[in-house]
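**Q** The structure under discussion is supplied below as structure tokens; questions concerning it will follow.
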Amino acid sequence: MRFLIVDDSSTMRRIIINTLNKLGHQDVAEAGNGREGLDRLSAGPVDLIITDWNMPEMSGIDFIRTVRSMPEVKDTPVLMVTTNAAKDDIVEALKAGVNSYVVKPFTPDTMREKIEAVLAR
Amino acid sequence: MPSAAAIESLFVDELTAATRDVFKTMVFQEVEALSPIAGDTKRPGANVVGTVAFAGRTSGLVVFHSSMDAAQIITASMLGIDPVNVNGELPDAIGELTNMIAGSFRTRVAHAKGEMWAISVPWVTVGFDFYTRYVSDVQRVLCPFRMKNKAELFVELIVTRSATQ
């Protein structure tokens, strides 16, 4: 399985990669914002996108909206990881096409359960 | 110019809870909360300072202070590496830590008071023997924490005068 992590924090990318590695997933591409994320997707599809919301150049929400408009990747599952935890934020994310949502801070178990749940769909 | 007015205790309680939660879940280490210090009588001798601004009905800053050694331990724990291997990762890790503390604090206040705030991206200052002075009328409270190795950390809340009671 191939994963794409989109987050402007290299620390958060590493934390998520560590979780994926513990789940046995080694094939992970990284991007620092939505624009870079689209570039990575142009190189080939992935099985799961894990993205932050607040990022420079292109936000996670704009990135997901763009992904959902691209025929070749529009059905890719998306997990959003963010500190935006208000009800309105979650509704906006779901409307944009997010499949599941993790609020920071999170435990490794929470992240693992969310990843497994999205992949099981 | 700090004011003598006190910051709402709910803000201090929620900031303390947010900090403890972030350390427990993302740094994998419990921190002991010590008694908050109002005003700017105590100036932490920090080498690493992470800052996130928030704005809404209440506006201000959440500021994380630590020594370089403590910041290296925190960074290593977040990344799952040995502290001696921490190199250029420290500013990003402390920025993300501060971002999570401020984000969690914002969520807690939203639930408790219904206030919605926007927050900034984090910025991190690394240096020696510096102090941040604010020209506008602000209130400050310094929340000290102690790590397992006895190192002290501080999370400071700075709010504009209109937010105090």
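Going through the structure tokens in order, the chains are called A, B, and so on, while each chain numbers its residues from 1 and the ligands are numbered from 1 in the order shown.
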Go through chain B and flag each residue having an atom no more than 6 Å from chain A; for those, report the closest pair of atoms plus their distance in Å to one decimal, using only C-alpha atoms, ordered by chain and rising number, as a Markdown table.
**A**
| residue | atom | partner | partner_atom | distance |
| --- | --- | --- | --- | --- |
| B:Val22 | CA | A:Pro105 | CA | 5.6 |
| B:Thr25 | CA | A:Thr107 | CA | 5.0 |
| B:Leu79 | CA | A:Ile15 | CA | 6.0 |
| B:Ala93 | CA | A:Thr11 | CA | 5.4 |
| B:Gly103 | CA | A:Thr83 | CA | 5.1 |
**Q** I need the chosen residues saved as a compact mmCIF listing (two decimals), in the first residue's frame, with N, CA and C atoms.
**A**
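Once written, result.txt looks like this:
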# COMPACT_ATOMS: atom_id res chain seq x y z
N VAL B 22 -1.39 17.48 25.70
CA VAL B 22 -0.46 17.41 24.56
C VAL B 22 0.80 16.65 24.96
N THR B 25 -0.05 12.81 25.23
CA THR B 25 -0.38 12.08 23.99
C THR B 25 0.71 12.19 22.92
N LEU B 79 9.63 12.57 17.98
CA LEU B 79 10.06 11.95 16.73
C LEU B 79 10.44 10.48 16.89
N ALA B 93 9.63 20.98 15.66
CA ALA B 93 8.95 20.19 16.70
C ALA B 93 8.36 21.10 17.78
N GLY B 103 -3.99 25.07 19.88
CA GLY B 103 -5.18 24.54 19.22
C GLY B 103 -6.11 23.83 20.20
**Q** Based on DSSP run over this structure's backbone, return all residues of chain A in strand (DSSP E or B), as a list in words.
**A**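 Reading the DSSP output for chain A, strand (DSSP E or B) covers Arg2, Phe3, Leu4, Ile5, Val6, Asp27, Val28, Ala29, Glu30, Ala31, Leu48, Ile49, Ile50, Thr51, Val78, Leu79, Met80, Val81, Thr82, Ser100, Tyr101, Val102 and Val103 of chain A.
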**Q** Using only C-alpha atoms, which protein or nucleic acid residues come within 7 Å of Gly97 (chain A)? Drop anything in the same chain fewer than 2 positions from it, and give the result as a VMD selection string.
**A** chain A and resid 64 to 65 68 93 to 95 99
**Q** Once DSSP has gone over the backbone, tell me which residues of region 26-160 of chain B are in helix (DSSP H, G or I), as a compact mmCIF listing (two decimals) with C-alpha atoms, in the first residue's frame.
**A**
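And here's out11.txt as it stands now:
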# COMPACT_ATOMS: atom_id res chain seq x y z
CA MET B 26 2.32 13.54 21.71
CA VAL B 27 5.47 13.71 23.89
CA MET B 68 17.57 23.90 24.99
CA ASP B 69 18.14 20.59 26.79
CA ALA B 70 14.43 20.18 27.56
CA ALA B 71 13.50 21.10 23.99
CA GLN B 72 15.88 18.44 22.68
CA ILE B 73 14.31 15.80 24.93
CA ILE B 74 10.81 16.84 23.84
CA THR B 75 11.79 16.82 20.16
CA ALA B 76 13.41 13.40 20.44
CA SER B 77 10.40 11.95 22.20
CA MET B 78 7.97 13.32 19.60
CA LEU B 79 10.06 11.95 16.73
CA PRO B 83 18.09 13.15 22.03
CA VAL B 84 21.74 13.10 20.86
CA ASN B 85 20.47 12.68 17.30
CA LEU B 90 14.00 21.20 17.05
CA PRO B 91 12.33 24.42 15.79
CA ASP B 92 9.69 22.55 13.80
CA ALA B 93 8.95 20.19 16.70
CA ILE B 94 8.59 23.00 19.24
CA GLY B 95 6.47 24.94 16.75
CA GLU B 96 4.18 21.95 16.31
CA LEU B 97 4.05 21.39 20.08
CA THR B 98 3.04 25.02 20.63
CA ASN B 99 0.52 24.77 17.78
CA MET B 100 -1.11 21.76 19.43
CA ILE B 101 -1.21 23.39 22.87
CA ALA B 102 -2.79 26.54 21.41
CA GLY B 103 -5.18 24.54 19.22
CA SER B 104 -6.31 22.35 22.09
CA PHE B 105 -6.68 25.42 24.32
CA ARG B 106 -8.81 27.09 21.66
CA THR B 107 -11.05 24.02 21.38
CA ARG B 108 -11.48 23.81 25.14
CA VAL B 109 -12.42 27.49 25.43
CA ALA B 110 -14.83 27.11 22.52
CA HIS B 111 -16.59 24.28 24.34
CA ALA B 112 -16.61 26.11 27.67
CA LYS B 113 -17.57 29.62 26.53
**Q** Excluding region 130-132 of chain B and its own-chain neighbours fewer than 5 positions away, which residues fall within 10 Å of it when counting only C-alpha atoms? Please give them as a ChimeraX atom specification.
**A** /B:43-47,125
**Q** As an exercise, work out the distance from CA of Val12 (chain B) to CA of Thr51 (chain B) in Å and give it to one decimal place.
**A** 16.6 Å
**Q** In Å, how far is it from CA of Leu48 (chain A) to CA of Asp75 (chain A)?
**A**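 Between CA of Leu48 (chain A) and CA of Asp75 (chain A) the gap is 9.8 Å.
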**Q** Which residues come within 7 Å of Thr160 (chain B), counting only C-alpha atoms, excluding same-chain residues fewer than 6 positions away, as number ranges by chain?
**A** B: 59-60, 137-139
**Q** Measuring between only C-alpha atoms, which one of A:Leu20, A:Leu4, A:Leu38, A:Val67 shows the shortest distance to Ile115 (chain A)?
**A**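 Of the candidates, the smallest distance to Ile115 (chain A) is held by A:Leu20.
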**Q** Restricting the calculation to only C-alpha atoms, which member of A:Arg35, A:Asp7, A:Ser59, A:Ile50 is positioned closest to Met111 (chain A)?
**A** A:Ile50
